[in-house]
Protein chains: 2
Amino acid sequence: MQSTCGSAKAQTGGGHGQGGLIAVYDDGGPLHNLRRNARRVRAGHVLVQDGDEFDKVIVVIEGWLATSKSFEDGEQQIIDFILPGDILDPATADGLTVGVTLEAVTDALVSIIPASVWQTMLKTSPTLEDMVGHLWAATQARTSERLLRLGKGTAPMRIAFAILELSLRLRALGHDTDTAFHLPLTQKALGDYTGLSSVHVCRTMRRLVRHGVIETSDHIDIRIVDLQTLSEIAGIDVKRLQQEITPTAA
Amino acid sequence: MQSTCGSAKAQTGGGHGQGGLIAVYDDGGPLHNLRRNARRVRAGHVLVQDGDEFDKVIVVIEGWLATSKSFEDGEQQIIDFILPGDILDPATADGLTVGVTLEAVTDALVSIIPASVWQTMLKTSPTLEDMVGHLWAATQARTSERLLRLGKGTAPMRIAFAILELSLRLRALGHDTDTAFHLPLTQKALGDYTGLSSVHVCRTMRRLVRHGVIETSDHIDIRIVDLQTLSEIAGIDVKRLQQEITPTAA
DNA sequence: CGATGAGTTGACGTTTGTCAAGGCCGGTGG
DNA sequence: CCACCGGCCTTGACAAACGTCAACTCATCG
């Protein structure tokens, strides 16, 4: 699937002024000239492989990226989705190599900034430093919630949480409506994100549909029908999650 | 268990000059006067609860802390262990509340720094900024490896990895020998860290012992007998893991 | 010496993964 | 236009991994 249509829906939308950090790109903020140096990548393209030498920082302008790690046998875990407005420094502690594979989930527009340049930008722009701090806190909070659910949560809980998390992140970008949105993901990808097999993702989502919690069309366009129940299954209060993971523009 | 003896073993050891960031505390670095303002906490003490308002940064000088999250039913996941030399900013994206519970695993010595003071320290000390960057990269790398194993790894793999990860972190602090070390953890806590029940942690560790991969005494003093096999079970090359997660002093 | 808490082990149930088969849909080439 | 193909979703049957419950041991501590 991954139709260009869906991607476009998820990618564009600057100018909503809805509060997403992406707005900074177009408002004369420290990243305002990012689009000029940006590079277009197509869905499926691998930007960096786990273990590669690489000392650059990635800023996503349009589209979805994903970081992942995998075992030799091919089992793969998606570490995080990197959405428009997100900034990724994939370096490990050695400062030379990266610890994740970075791949474009949809067609995307990214800016690739050498580490030295990035350092300079940071030290000359307190605004940018604040942005990075907020993004980092948001990432930490999201990762903690996800670790909890990967370690101790059931399949319905993991799926429900992923839906809520992604819907909140998309909404913060000013896309989609409150309850309906498009995920440019296969069920396999959703399983790689939640630590489940694609078969079990399917079963679990069908059950959520049968119970009237969500509705789906085209298999992966999701509409939240019963937000209250969904957040109970996910084990989180939606407002609280929003505070935790939505970077309030500084 | 958690004997004071064991705690002491894990806590002290400054002055080895082995390269751990903890050395900076005693070498006139930007944190050299940290001990003066430090606060002593006892094992089991909860410093902050998930959801609390709190805008301070924690620097660990001696002892182990742990960040965790839990569900209403009491199921708990340890997000990370915070060891001497580590710096923790538990804030979420809203900048006001924290997203994890922070608890002392052993008796510990910590410095609690108001966010505003911390910001000033950062902006006036490039050295400190570099340290934080390296620590952050190390944390990211460790978390990614752990997400992979929580999502797609078997119980033996999670346990083997936890043993390797913690042994490397301890070794970087200059404690313990290459292969033998003490973990101030119950099997329940190891389970909360690896996403397993305490019963299954026990079974899995006994199997590792029977197969001659590790040896244990006092149930939780661990000696690695067959490092090669252990790292194969964990699904990682030890040298690579060390590069990823050991912050090379800047 | 009883009480408590942690580790150990076995029996059993539940959740989830694996395998296999079928349906749907879009693309491709005759 | 149509036949074919490959991906993806869906569903059922079965197997494996892991959690739960319960009983026992052992060490520690009052």
# chains A, B, ... in the order shown; residues from 1 in each chain; ligands from 1
>>> interface_residues(of="chain B", to="chain C", cutoff="9 Å", atoms="only C-alpha atoms (C1' of nucleotides)", output="list in words")
Met1, Thr186, Gln187, Val199, Cys202, Arg203 and His219 of chain B
>>> residues_around(residues="Asp237 (chain B)", least_positions_apart="6", cutoff="10 Å", atoms="only C-alpha atoms (C1' of nucleotides)", output="PyMOL selection string")
chain B and resi 228+230-231
>>> write_last_selection(atoms="C-alpha atoms", output="PDB file, in the first residue's frame")
ATOM      1  CA  GLN B 228      31.939 -16.306  24.019  1.00  0.00           C
ATOM      2  CA  LEU B 230      27.198 -15.754  26.708  1.00  0.00           C
ATOM      3  CA  SER B 231      27.608 -13.082  24.049  1.00  0.00           C
TER       4      SER B 231
END
>>> select_by_dssp(residues="region 172-208 of chain A", states="helix (DSSP H, G or I)", output="count of residues only")
20
>>> closest_atom_pairs(of="chain D", to="chain A", cutoff="8 Å", atoms="only C-alpha atoms (C1' of nucleotides)", output="tab-separated table")
residue	atom	partner	partner_atom	distance
D:DC8	C1'	A:Thr186	CA	7.9
D:DC9	C1'	A:Cys202	CA	7.6
D:DT10	C1'	A:Cys202	CA	7.5
>>> closest_atom_pairs(of="chain B", to="chain A", cutoff="9 Å", atoms="only C-alpha atoms", output="CSV")
residue,atom,partner,partner_atom,distance
B:Gly51,CA,A:Arg240,CA,8.8
B:Ser68,CA,A:Ser144,CA,8.2
B:Lys69,CA,A:Leu148,CA,6.4
B:Ser70,CA,A:Leu148,CA,7.1
B:Phe71,CA,A:Gly235,CA,7.1
B:Glu72,CA,A:Gly235,CA,8.3
B:Glu75,CA,A:Lys152,CA,6.8
B:Gln76,CA,A:Lys152,CA,7.2
B:Gln77,CA,A:Leu148,CA,5.3
B:Ile78,CA,A:Leu148,CA,7.8
B:Ile79,CA,A:Ser144,CA,6.2
B:Asp89,CA,A:Ala137,CA,8.2
B:Pro90,CA,A:Ala137,CA,7.9
B:Ala91,CA,A:Ala137,CA,6.1
B:Thr92,CA,A:Ala137,CA,4.9
B:Ala93,CA,A:Ala138,CA,4.5
B:Asp94,CA,A:Gln243,CA,5.5
B:Gly95,CA,A:His134,CA,7.6
B:Thr97,CA,A:Glu244,CA,8.1
B:Val98,CA,A:Glu244,CA,8.3
B:Gly99,CA,A:Ala141,CA,5.8
B:Val100,CA,A:Ser144,CA,7.6
B:Lys123,CA,A:Lys123,CA,8.6
B:Gly133,CA,A:Ala93,CA,8.6
B:His134,CA,A:Ala93,CA,5.4
B:Leu135,CA,A:Ala93,CA,7.0
B:Trp136,CA,A:Ala93,CA,7.9
B:Ala137,CA,A:Thr92,CA,5.0
B:Ala138,CA,A:Ala93,CA,4.5
B:Thr139,CA,A:Ala93,CA,8.2
B:Gln140,CA,A:Thr92,CA,7.3
B:Ala141,CA,A:Thr92,CA,5.6
B:Arg142,CA,A:Thr92,CA,8.9
B:Thr143,CA,A:Thr143,CA,8.4
B:Ser144,CA,A:Ile79,CA,6.2
B:Glu145,CA,A:Lys69,CA,7.6
B:Arg146,CA,A:Leu147,CA,8.6
B:Leu147,CA,A:Leu147,CA,6.7
B:Leu148,CA,A:Gln77,CA,5.3
B:Arg149,CA,A:Gln77,CA,8.4
B:Leu150,CA,A:Leu150,CA,5.9
B:Gly151,CA,A:Gly195,CA,3.9
B:Lys152,CA,A:Gly195,CA,5.8
B:Gly153,CA,A:Glu75,CA,8.9
B:Asp192,CA,A:Gly151,CA,7.8
B:Tyr193,CA,A:Gly151,CA,8.0
B:Thr194,CA,A:Gly151,CA,6.8
B:Gly195,CA,A:Gly151,CA,3.9
B:Leu196,CA,A:Gly151,CA,7.3
B:Gly235,CA,A:Phe71,CA,7.1
B:Ile236,CA,A:Phe71,CA,8.8
B:Arg240,CA,A:Gly51,CA,8.8
B:Gln242,CA,A:Ala93,CA,8.9
B:Gln243,CA,A:Asp94,CA,5.5
B:Glu244,CA,A:Thr92,CA,5.0
B:Ile245,CA,A:Ala93,CA,5.5
B:Thr246,CA,A:Ala93,CA,6.0
B:Pro247,CA,A:Ala93,CA,5.1
B:Thr248,CA,A:Asp94,CA,6.5
>>> closest_residue(among="A:Val105, A:Met157, A:Val48, A:Ile112", to="Arg36 (chain A)", atoms="only C-alpha atoms")
A:Ile112
>>> closest_residue(among="A:Thr127, A:Ala234, A:Glu215, A:Leu88", to="Ile159 (chain A)", atoms="only C-alpha atoms")
A:Ala234
>>> select_by_dssp(residues="region 89-191 of chain B", states="strand (DSSP E)", output="list of chain:residue names")
B:Thr101, B:Leu102, B:Glu103, B:Ala104, B:Ala108, B:Leu109, B:Val110, B:Ser111, B:Ile112, B:Ile113, B:Pro114, B:Ala180, B:Phe181, B:His182
>>> decode(residues="chain D", atoms="C-alpha atoms (C1' of nucleotides)", output="compact mmCIF listing (two decimals), in the first residue's frame")
# COMPACT_ATOMS: atom_id res chain seq x y z
C1' DC D 1 -9.15 -7.30 -22.00
C1' DC D 2 -7.63 -10.96 -19.38
C1' DA D 3 -4.54 -14.26 -17.01
C1' DC D 4 -1.10 -14.37 -13.94
C1' DC D 5 1.66 -12.97 -10.11
C1' DG D 6 3.18 -11.14 -5.78
C1' DG D 7 2.11 -8.72 -1.40
C1' DC D 8 -0.70 -8.15 2.22
C1' DC D 9 -4.49 -9.25 5.15
C1' DT D 10 -7.32 -12.81 7.38
C1' DT D 11 -8.37 -17.05 9.74
C1' DG D 12 -7.76 -21.63 11.82
C1' DA D 13 -4.95 -25.33 13.86
C1' DC D 14 -1.14 -26.33 16.41
C1' DA D 15 3.29 -25.64 19.08
C1' DA D 16 6.37 -23.11 22.01
C1' DA D 17 7.40 -19.74 25.43
C1' DC D 18 6.26 -17.73 29.39
C1' DG D 19 3.30 -16.60 33.53
C1' DT D 20 0.85 -18.24 37.61
C1' DC D 21 0.17 -21.00 41.51
C1' DA D 22 1.84 -23.68 45.02
C1' DA D 23 5.07 -26.07 47.85
C1' DC D 24 9.54 -26.42 49.70
C1' DT D 25 14.21 -24.87 51.16
C1' DC D 26 17.38 -21.77 53.04
C1' DA D 27 19.28 -17.71 55.23
C1' DT D 28 18.50 -13.82 58.09
C1' DC D 29 16.64 -11.34 61.79
C1' DG D 30 14.21 -10.21 65.72
